Amino acid sequence: MKTRKLANLEVSELGFGCMNQSGNYNGPVPKDQGIKTIRTAFENGVTFFDTAEVYGPYINEELVGEALQPFRDKVKIATKFGFAINGTVALDSRPERIKRVVEESLKRLRTDHIDLYYQHRVDPAVPIEDVAGAVQDLIKQGKVLGFGLSEPSAKTIRRAHAVQPVTAVQNEYSMWTRNVELNGILDTCNELGIGLVPWSPVAMGFLTGKYDPSTTYDEKTDFRAGFPRFSKEFMPLNMPIVEWLKDYAAKKGATPSQIALAWLMAKSPNIVPIPGTRSKTHLLENLGAGRVQLSTADVHAIDTSLTKFPVYGDRMGKDHMLSIDYSV
C-alpha cells in the first residue's frame, strides 16, 4: 500500500478505525475475531490504527494493544482522551487528567509511546492552549509523538497549533457529511500542513449501499438508532445519493465504498481515511479503494453531482452534537 504524510507522521494511505470491534455500531465482536481482523488489516498493508480510551470504554485499547503487539514497531497507533467516561458525554481535558490517562492508555496499548494523541472533543472549560501545553510536555517526555484534535473548529486548530504543532485533525467527512469543506477545516489543514483523518468515511455504512429505509438499529447497542439521518422519517429522503453512488461505482468498475474512499483520498494528499469494519470481506473491499484512480475532472464531476442531494437530519444525536466545537 502507498503511504501518506500526516504532517511528519508517515502512515498507510488508508488507516483502520478499530472502534466498532468493541461496539457502538452493533455489539462487540469476540476478542479473537477482533484481533484477527486488525491483524488482517496489517497483513494487507495498513500501518495506521485508530482507537480511543472511551471505546468500550477501555477494552478497545486493550484489544488494539494485544493485536498489534507482535509488530508494534511497524505500525502507528492513534488514540484519544477527553471524555469524562462517567456514563454521559461529559468532557474533561484538564491537563492533570491528560497526564494521568496517558499512562493508562500506554499500559492498555502495551507500548511506551503513542504515535498520535488526539483530544477527542474540545472541552470548552479548558483553554485549548492548556491542552496543547499538556500534550507538548508528553511529547518532550517521549510518551507521545504527535498531537491531534477531533471535531475542532478552524479557530481552535490555529490556537492549538500556535502552542504545539498539530499533526492531524480527525473530523467526520464523507460524501454525506461535507462540513469540513464549508467551515474552514479543510482549508486550514491544507494551509498549515496538518493531516486530515476522516472518521466514518463511508457514513457509518450508509454509503456502502447495504442499508435501506427498512433497516433497523438496536437502541441498546447501536448509536445510529438515535441519529436523525438514520430515522424512519429521514432515511427514505436520504436514499437518492446512495442510488446515484451505486450507478457511478458500477460505471467505474468499483464498489460504492471504494468510490467513497477514493474520492476522499483524491481531495488532498494530506487526507487519510480510517474506515472500520468487523468483516474481512469488507476490509479487503475497502483497501481496494487505493487502486481506484479518480482524476481532478472526476472529483469535480462527483462534487457537482453531490450538490443535487440535500442531506436530511443531523449527523449525530443531540447530546453528541453538543460536544462539537463551533468556536469562530
# chains A, B, ... in the order shown; residues from 1 in each chain; ligands from 1
>>> select_by_dssp(residues="region 7-197 of chain A", states="strand (DSSP E)", output="VMD selection string")
chain A and resid 9 to 12 16 to 17 48 to 50 76 to 81 116 to 119 147 to 150 166 to 172 195 to 197
>>> select_by_dssp(residues="region 175-284 of chain A", states="alpha helix (DSSP H)", output="PyMOL selection string")
chain A and resi 179-182+185-192+235-252+256-267+280-284
>>> write_last_selection(atoms="N, CA and C atoms", output="CSV table (one decimal), in the first residue's frame")
chain,number,residue,atom,x,y,z
A,179,ASN,N,-19.1,18.9,5.9
A,179,ASN,CA,-18.9,20.2,6.7
A,179,ASN,C,-17.5,20.8,6.6
A,180,VAL,N,-16.5,19.9,6.6
A,180,VAL,CA,-15.1,20.4,6.6
A,180,VAL,C,-14.8,21.2,5.4
A,181,GLU,N,-15.6,21.1,4.3
A,181,GLU,CA,-15.3,21.8,3.1
A,181,GLU,C,-15.9,23.2,3.2
A,182,LEU,N,-16.8,23.4,4.2
A,182,LEU,CA,-17.6,24.7,4.3
A,182,LEU,C,-17.2,25.5,5.5
A,185,ILE,N,-12.2,23.9,7.9
A,185,ILE,CA,-11.3,22.9,8.5
A,185,ILE,C,-10.4,22.4,7.4
A,186,LEU,N,-10.9,22.0,6.2
A,186,LEU,CA,-10.1,21.5,5.2
A,186,LEU,C,-9.0,22.5,4.7
A,187,ASP,N,-9.5,23.8,4.5
A,187,ASP,CA,-8.6,24.8,4.1
A,187,ASP,C,-7.5,25.1,5.1
A,188,THR,N,-7.9,25.1,6.4
A,188,THR,CA,-6.9,25.4,7.5
A,188,THR,C,-5.8,24.3,7.5
A,189,CYS,N,-6.3,23.0,7.4
A,189,CYS,CA,-5.3,21.9,7.5
A,189,CYS,C,-4.4,22.0,6.3
A,190,ASN,N,-4.9,22.3,5.1
A,190,ASN,CA,-4.0,22.4,3.9
A,190,ASN,C,-3.0,23.5,4.0
A,191,GLU,N,-3.5,24.7,4.6
A,191,GLU,CA,-2.6,25.8,4.8
A,191,GLU,C,-1.5,25.6,5.8
A,192,LEU,N,-1.8,24.9,6.9
A,192,LEU,CA,-0.9,24.7,7.9
A,192,LEU,C,-0.1,23.4,7.8
A,235,MET,N,-34.5,8.7,6.6
A,235,MET,CA,-33.8,7.7,5.8
A,235,MET,C,-34.3,7.6,4.4
A,236,PRO,N,-35.6,7.5,4.1
A,236,PRO,CA,-36.0,7.4,2.7
A,236,PRO,C,-35.7,8.7,1.9
A,237,LEU,N,-35.6,9.8,2.6
A,237,LEU,CA,-35.3,11.1,1.9
A,237,LEU,C,-33.8,11.1,1.5
A,238,ASN,N,-33.0,10.4,2.2
A,238,ASN,CA,-31.5,10.4,2.0
A,238,ASN,C,-31.1,9.3,1.0
A,239,MET,N,-32.0,8.5,0.6
A,239,MET,CA,-31.5,7.3,-0.3
A,239,MET,C,-31.1,7.7,-1.7
A,240,PRO,N,-31.5,8.8,-2.3
A,240,PRO,CA,-31.1,9.1,-3.6
A,240,PRO,C,-29.6,9.2,-3.8
A,241,ILE,N,-28.8,9.7,-2.8
A,241,ILE,CA,-27.4,9.7,-3.0
A,241,ILE,C,-26.8,8.3,-3.1
A,242,VAL,N,-27.4,7.4,-2.4
A,242,VAL,CA,-26.9,6.0,-2.4
A,242,VAL,C,-27.1,5.4,-3.8
A,243,GLU,N,-28.3,5.6,-4.3
A,243,GLU,CA,-28.6,5.1,-5.7
A,243,GLU,C,-27.7,5.7,-6.7
A,244,TRP,N,-27.4,7.0,-6.6
A,244,TRP,CA,-26.5,7.6,-7.6
A,244,TRP,C,-25.1,7.0,-7.4
A,245,LEU,N,-24.7,6.8,-6.2
A,245,LEU,CA,-23.3,6.3,-6.0
A,245,LEU,C,-23.2,4.9,-6.5
A,246,LYS,N,-24.2,4.1,-6.3
A,246,LYS,CA,-24.2,2.7,-6.9
A,246,LYS,C,-24.0,2.7,-8.4
A,247,ASP,N,-24.7,3.6,-9.1
A,247,ASP,CA,-24.6,3.7,-10.5
A,247,ASP,C,-23.2,4.2,-10.9
A,248,TYR,N,-22.7,5.2,-10.2
A,248,TYR,CA,-21.4,5.8,-10.6
A,248,TYR,C,-20.3,4.7,-10.4
A,249,ALA,N,-20.4,4.0,-9.3
A,249,ALA,CA,-19.4,3.0,-9.0
A,249,ALA,C,-19.4,1.9,-10.0
A,250,ALA,N,-20.6,1.5,-10.5
A,250,ALA,CA,-20.7,0.4,-11.5
A,250,ALA,C,-20.0,0.9,-12.8
A,251,LYS,N,-20.1,2.1,-13.1
A,251,LYS,CA,-19.5,2.6,-14.3
A,251,LYS,C,-18.0,2.6,-14.2
A,252,LYS,N,-17.5,2.8,-13.0
A,252,LYS,CA,-16.0,2.8,-12.7
A,252,LYS,C,-15.5,1.4,-12.5
A,256,PRO,N,-19.5,1.0,-4.3
A,256,PRO,CA,-19.8,2.3,-3.7
A,256,PRO,C,-18.8,2.7,-2.6
A,257,SER,N,-18.4,1.7,-1.7
A,257,SER,CA,-17.4,2.0,-0.7
A,257,SER,C,-16.1,2.5,-1.2
A,258,GLN,N,-15.6,1.8,-2.3
A,258,GLN,CA,-14.3,2.1,-2.9
A,258,GLN,C,-14.4,3.5,-3.5
A,259,ILE,N,-15.5,3.9,-4.1
A,259,ILE,CA,-15.6,5.2,-4.7
A,259,ILE,C,-15.6,6.3,-3.6
A,260,ALA,N,-16.4,6.0,-2.5
A,260,ALA,CA,-16.5,7.0,-1.4
A,260,ALA,C,-15.1,7.2,-0.8
A,261,LEU,N,-14.3,6.2,-0.7
A,261,LEU,CA,-12.9,6.3,-0.1
A,261,LEU,C,-12.0,7.0,-1.1
A,262,ALA,N,-12.0,6.5,-2.3
A,262,ALA,CA,-11.1,7.1,-3.3
A,262,ALA,C,-11.4,8.6,-3.6
A,263,TRP,N,-12.6,9.0,-3.5
A,263,TRP,CA,-13.0,10.4,-3.6
A,263,TRP,C,-12.3,11.2,-2.5
A,264,LEU,N,-12.4,10.7,-1.3
A,264,LEU,CA,-11.7,11.4,-0.2
A,264,LEU,C,-10.2,11.5,-0.4
A,265,MET,N,-9.6,10.4,-0.8
A,265,MET,CA,-8.1,10.5,-1.0
A,265,MET,C,-7.7,11.4,-2.1
A,266,ALA,N,-8.6,11.5,-3.1
A,266,ALA,CA,-8.3,12.4,-4.2
A,266,ALA,C,-8.5,13.9,-3.9
A,267,LYS,N,-9.2,14.2,-2.8
A,267,LYS,CA,-9.4,15.5,-2.4
A,267,LYS,C,-8.1,16.3,-2.0
A,280,LYS,N,-13.8,-9.4,7.2
A,280,LYS,CA,-12.7,-9.5,6.4
A,280,LYS,C,-13.0,-9.1,4.9
A,281,THR,N,-14.2,-9.6,4.5
A,281,THR,CA,-14.6,-9.3,3.1
A,281,THR,C,-14.7,-7.7,2.9
A,282,HIS,N,-15.3,-7.1,3.8
A,282,HIS,CA,-15.5,-5.6,3.7
A,282,HIS,C,-14.2,-4.9,3.9
A,283,LEU,N,-13.3,-5.4,4.7
A,283,LEU,CA,-12.0,-4.9,4.9
A,283,LEU,C,-11.2,-4.9,3.6
A,284,LEU,N,-11.2,-6.0,2.9
A,284,LEU,CA,-10.4,-6.1,1.7
A,284,LEU,C,-11.1,-5.3,0.6
>>> closest_residue(among="A:Pro124, A:Asp130, A:Asn86, A:Glu62", to="Arg110 (chain A)", atoms="only C-alpha atoms")
A:Glu62
>>> residues_around(residues="Val102 (chain A)", least_positions_apart="4", cutoff="8 Å", atoms="only C-alpha atoms", output="PyMOL selection string")
chain A and resi 81+98+106
>>> write_last_selection(atoms="C-alpha atoms", output="CSV table (one decimal), in the first residue's frame")
chain,number,residue,atom,x,y,z
A,81,PHE,CA,-8.5,11.4,25.5
A,98,ILE,CA,-4.4,14.2,30.4
A,106,LEU,CA,0.1,3.3,27.3
>>> atom_distance(atom1="CA of Ser214 (chain A)", atom2="CA of Gln21 (chain A)")
24.5 Å
>>> residues_around(residues="Asn286 (chain A)", least_positions_apart="4", cutoff="12 Å", atoms="only C-alpha atoms", output="PyMOL selection string")
chain A and resi 13-17+41+44+46+201-202+205+207-208+254-262+273-282+290-292
>>> write_last_selection(atoms="N, CA and C atoms", output="short mmCIF file (atom, residue, chain, number, x, y, z; two decimals), in the first residue's frame")
data_model
loop_
_atom_site.label_atom_id
_atom_site.label_comp_id
_atom_site.auth_asym_id
_atom_site.auth_seq_id
_atom_site.Cartn_x
_atom_site.Cartn_y
_atom_site.Cartn_z
N GLU A 13 -1.91 4.90 3.24
CA GLU A 13 -2.86 5.88 2.70
C GLU A 13 -4.29 5.61 3.17
N LEU A 14 -4.56 4.42 3.63
CA LEU A 14 -5.82 4.09 4.30
C LEU A 14 -5.49 3.53 5.67
N GLY A 15 -6.13 4.07 6.69
CA GLY A 15 -5.95 3.55 8.03
C GLY A 15 -7.09 2.60 8.38
N PHE A 16 -7.14 2.20 9.64
CA PHE A 16 -8.19 1.29 10.09
C PHE A 16 -8.77 1.80 11.40
N GLY A 17 -10.07 2.10 11.38
CA GLY A 17 -10.76 2.51 12.59
C GLY A 17 -11.19 1.29 13.39
N ALA A 41 -5.77 -6.55 8.60
CA ALA A 41 -5.54 -5.21 8.04
C ALA A 41 -4.04 -4.96 7.90
N ASN A 44 -2.35 -6.75 5.11
CA ASN A 44 -2.70 -6.22 3.80
C ASN A 44 -2.26 -4.76 3.63
N VAL A 46 -1.98 -2.08 5.96
CA VAL A 46 -2.39 -0.98 6.84
C VAL A 46 -1.36 -0.82 7.96
N PRO A 201 -15.82 7.50 7.03
CA PRO A 201 -15.69 7.92 5.63
C PRO A 201 -16.71 7.29 4.69
N VAL A 202 -17.38 6.21 5.12
CA VAL A 202 -18.48 5.68 4.32
C VAL A 202 -19.80 5.88 5.07
N GLY A 205 -21.57 3.27 7.28
CA GLY A 205 -22.10 2.18 6.47
C GLY A 205 -23.14 2.59 5.45
N LEU A 207 -23.12 4.66 2.94
CA LEU A 207 -22.66 4.77 1.56
C LEU A 207 -22.22 3.44 0.96
N THR A 208 -22.26 2.37 1.73
CA THR A 208 -21.91 1.06 1.17
C THR A 208 -23.00 0.53 0.26
N ALA A 254 -16.09 -0.37 -9.79
CA ALA A 254 -15.73 -0.39 -8.36
C ALA A 254 -16.99 -0.54 -7.54
N THR A 255 -16.83 -0.63 -6.22
CA THR A 255 -17.98 -0.68 -5.32
C THR A 255 -18.25 0.72 -4.78
N PRO A 256 -19.46 0.96 -4.26
CA PRO A 256 -19.75 2.27 -3.66
C PRO A 256 -18.75 2.66 -2.58
N SER A 257 -18.37 1.73 -1.72
CA SER A 257 -17.41 2.04 -0.66
C SER A 257 -16.07 2.49 -1.23
N GLN A 258 -15.63 1.80 -2.27
CA GLN A 258 -14.34 2.14 -2.88
C GLN A 258 -14.36 3.53 -3.50
N ILE A 259 -15.46 3.89 -4.14
CA ILE A 259 -15.56 5.24 -4.71
C ILE A 259 -15.60 6.28 -3.61
N ALA A 260 -16.36 6.02 -2.55
CA ALA A 260 -16.45 6.98 -1.44
C ALA A 260 -15.07 7.23 -0.83
N LEU A 261 -14.27 6.19 -0.67
CA LEU A 261 -12.94 6.33 -0.09
C LEU A 261 -11.96 6.96 -1.09
N ALA A 262 -12.02 6.54 -2.33
CA ALA A 262 -11.12 7.09 -3.35
C ALA A 262 -11.38 8.57 -3.55
N PRO A 273 -8.25 8.46 5.22
CA PRO A 273 -9.50 7.95 5.81
C PRO A 273 -9.23 6.73 6.69
N ILE A 274 -10.11 6.52 7.67
CA ILE A 274 -9.95 5.36 8.57
C ILE A 274 -11.25 4.55 8.62
N PRO A 275 -11.63 3.89 7.53
CA PRO A 275 -12.82 3.05 7.59
C PRO A 275 -12.63 1.92 8.59
N GLY A 276 -13.73 1.53 9.19
CA GLY A 276 -13.68 0.41 10.13
C GLY A 276 -14.70 -0.64 9.75
N THR A 277 -14.40 -1.89 9.99
CA THR A 277 -15.33 -2.97 9.71
C THR A 277 -14.97 -4.17 10.57
N ARG A 278 -15.96 -5.05 10.75
CA ARG A 278 -15.72 -6.29 11.50
C ARG A 278 -15.61 -7.48 10.56
N SER A 279 -15.72 -7.21 9.25
CA SER A 279 -15.74 -8.26 8.23
C SER A 279 -14.47 -8.24 7.39
N LYS A 280 -13.84 -9.40 7.22
CA LYS A 280 -12.65 -9.49 6.37
C LYS A 280 -13.00 -9.12 4.93
N THR A 281 -14.16 -9.56 4.47
CA THR A 281 -14.58 -9.26 3.10
C THR A 281 -14.69 -7.75 2.89
N HIS A 282 -15.34 -7.07 3.82
CA HIS A 282 -15.49 -5.61 3.69
C HIS A 282 -14.15 -4.91 3.86
N GLY A 290 -7.61 1.96 -2.86
CA GLY A 290 -6.32 2.51 -3.26
C GLY A 290 -6.01 2.26 -4.73
N ARG A 291 -6.71 1.32 -5.33
CA ARG A 291 -6.48 1.03 -6.75
C ARG A 291 -7.43 1.80 -7.67
N VAL A 292 -8.37 2.54 -7.07
CA VAL A 292 -9.31 3.33 -7.85
C VAL A 292 -8.73 4.72 -8.04
#
>>> closest_residue(among="A:Phe234, A:Phe223, A:Phe206, A:Phe42", to="Lys74 (chain A)", atoms="only C-alpha atoms")
A:Phe42
>>> atom_distance(atom1="CA of Asp137 (chain A)", atom2="CA of Leu6 (chain A)")
20.6 Å
>>> atom_distance(atom1="CA of Gly45 (chain A)", atom2="CA of His300 (chain A)")
29.1 Å
>>> residues_around(residues="region 26-36 of chain A", least_positions_apart="3", cutoff="9 Å", atoms="only C-alpha atoms", output="JSON, numbers by chain")
{"A": [18, 20, 21, 22, 23, 39, 40, 41, 56, 63, 64, 66, 67, 68, 217, 218, 220, 221, 222, 223, 278, 280]}
>>> write_last_selection(atoms="N, CA and C atoms", output="tab-separated table (two decimals), in the first residue's frame")
chain	number	residue	atom	x	y	z
A	18	CYS	N	-10.69	1.18	14.60
A	18	CYS	CA	-10.90	-0.04	15.39
A	18	CYS	C	-12.13	0.01	16.28
A	20	ASN	N	-15.44	-0.08	16.14
A	20	ASN	CA	-16.60	-0.96	16.13
A	20	ASN	C	-16.28	-2.42	16.43
A	21	GLN	N	-15.01	-2.74	16.68
A	21	GLN	CA	-14.71	-4.07	17.21
A	21	GLN	C	-15.27	-4.21	18.63
A	22	SER	N	-15.48	-3.06	19.28
A	22	SER	CA	-15.93	-3.07	20.68
A	22	SER	C	-17.31	-2.46	20.86
A	23	GLY	N	-18.08	-2.37	19.78
A	23	GLY	CA	-19.44	-1.88	19.90
A	23	GLY	C	-19.67	-0.56	19.20
A	39	ARG	N	-5.23	-7.73	12.64
A	39	ARG	CA	-4.00	-8.29	12.07
A	39	ARG	C	-4.13	-8.51	10.56
A	40	THR	N	-5.33	-8.83	10.10
A	40	THR	CA	-5.54	-8.97	8.66
A	40	THR	C	-5.33	-7.63	7.96
A	41	ALA	N	-5.77	-6.55	8.60
A	41	ALA	CA	-5.54	-5.21	8.04
A	41	ALA	C	-4.04	-4.96	7.90
A	56	GLY	N	-15.56	1.39	24.39
A	56	GLY	CA	-15.71	0.24	25.28
A	56	GLY	C	-16.47	0.55	26.56
A	63	LEU	N	-7.71	-4.34	23.22
A	63	LEU	CA	-7.76	-5.19	22.03
A	63	LEU	C	-6.70	-4.78	21.01
A	64	VAL	N	-6.61	-3.48	20.75
A	64	VAL	CA	-5.63	-2.98	19.79
A	64	VAL	C	-4.22	-3.26	20.26
A	66	GLU	N	-3.13	-5.67	22.20
A	66	GLU	CA	-2.80	-7.09	22.06
A	66	GLU	C	-2.63	-7.47	20.60
A	67	ALA	N	-3.51	-6.94	19.73
A	67	ALA	CA	-3.44	-7.30	18.32
A	67	ALA	C	-2.16	-6.81	17.66
A	68	LEU	N	-1.71	-5.63	18.01
A	68	LEU	CA	-0.56	-5.01	17.34
A	68	LEU	C	0.77	-5.26	18.03
A	217	TYR	N	-32.12	-0.39	13.78
A	217	TYR	CA	-30.91	-0.29	14.60
A	217	TYR	C	-31.29	-0.50	16.06
A	218	ASP	N	-30.54	-1.35	16.73
A	218	ASP	CA	-30.82	-1.69	18.12
A	218	ASP	C	-30.48	-0.51	19.02
A	220	LYS	N	-30.10	-0.33	22.09
A	220	LYS	CA	-29.20	-0.66	23.20
A	220	LYS	C	-27.74	-0.75	22.77
A	221	THR	N	-27.48	-1.07	21.50
A	221	THR	CA	-26.10	-1.32	21.08
A	221	THR	C	-25.63	-0.45	19.92
A	222	ASP	N	-26.54	0.26	19.26
A	222	ASP	CA	-26.18	0.95	18.02
A	222	ASP	C	-26.50	2.44	18.12
A	223	PHE	N	-25.46	3.27	18.08
A	223	PHE	CA	-25.63	4.71	18.14
A	223	PHE	C	-26.58	5.23	17.06
A	278	ARG	N	-15.96	-5.05	10.75
A	278	ARG	CA	-15.72	-6.29	11.50
A	278	ARG	C	-15.61	-7.48	10.56
A	280	LYS	N	-13.84	-9.40	7.22
A	280	LYS	CA	-12.65	-9.49	6.37
A	280	LYS	C	-13.00	-9.12	4.93
>>> residues_around(residues="Asn183 (chain A)", least_positions_apart="5", cutoff="12 Å", atoms="only C-alpha atoms", output="list in words")
Glu151, Pro152, Ser153, Ala154, Lys155, Asn171, Thr177, Arg178, Thr188, Cys189, Asp325, Tyr326, Ser327 and Val328 of chain A
>>> write_last_selection(atoms="N, CA and C atoms", output="compact mmCIF listing (two decimals), in the first residue's frame")
# COMPACT_ATOMS: atom_id res chain seq x y z
N GLU A 151 -12.84 16.92 15.83
CA GLU A 151 -14.00 17.79 15.73
C GLU A 151 -13.77 19.19 16.30
N PRO A 152 -12.62 19.81 16.00
CA PRO A 152 -12.39 21.19 16.44
C PRO A 152 -12.91 22.17 15.39
N SER A 153 -12.95 23.44 15.75
CA SER A 153 -13.22 24.48 14.76
C SER A 153 -11.89 24.93 14.17
N ALA A 154 -11.96 25.68 13.07
CA ALA A 154 -10.74 26.19 12.45
C ALA A 154 -10.00 27.12 13.42
N LYS A 155 -10.75 27.91 14.17
CA LYS A 155 -10.12 28.82 15.13
C LYS A 155 -9.36 28.04 16.21
N ASN A 171 -12.06 14.56 11.78
CA ASN A 171 -13.45 15.01 11.71
C ASN A 171 -14.26 14.04 10.87
N THR A 177 -21.34 13.88 4.52
CA THR A 177 -21.03 14.85 5.57
C THR A 177 -19.83 15.68 5.12
N ARG A 178 -20.09 16.83 4.52
CA ARG A 178 -19.03 17.61 3.89
C ARG A 178 -18.76 18.92 4.63
N THR A 188 -7.86 25.10 6.39
CA THR A 188 -6.90 25.37 7.47
C THR A 188 -5.85 24.26 7.53
N CYS A 189 -6.28 23.02 7.42
CA CYS A 189 -5.33 21.90 7.45
C CYS A 189 -4.37 21.98 6.27
N ASP A 325 -17.18 21.33 18.54
CA ASP A 325 -16.63 22.68 18.74
C ASP A 325 -17.05 23.59 17.58
N TYR A 326 -17.80 24.62 17.91
CA TYR A 326 -18.23 25.58 16.89
C TYR A 326 -17.62 26.95 17.12
N SER A 327 -16.48 27.02 17.78
CA SER A 327 -15.84 28.31 18.04
C SER A 327 -15.54 29.02 16.71
N VAL A 328 -15.77 30.30 16.69
CA VAL A 328 -15.49 31.07 15.48
C VAL A 328 -14.59 32.25 15.82
>>> closest_residue(among="A:Val299, A:Ala7, A:Ile157, A:Ile85", to="Gly184 (chain A)", atoms="only C-alpha atoms")
A:Ile157
>>> residues_around(residues="Arg121 (chain A)", least_positions_apart="4", cutoff="8 Å", atoms="only C-alpha atoms", output="list of chain:residue names")
A:Gly82, A:Phe83, A:Leu91, A:Leu149, A:Ser150, A:Glu151, A:Pro152, A:Ser323, A:Ile324, A:Asp325
>>> closest_residue(among="A:Ala203, A:Leu9, A:Val89, A:Leu294", to="Lys318 (chain A)", atoms="only C-alpha atoms")
A:Val89
>>> closest_residue(among="A:Gly193, A:Gly313, A:Pro95, A:Gly142", to="Val166 (chain A)", atoms="only C-alpha atoms")
A:Gly193
>>> closest_residue(among="A:Gly65, A:Gly148, A:Gly87, A:Pro70", to="Arg108 (chain A)", atoms="only C-alpha atoms")
A:Gly65
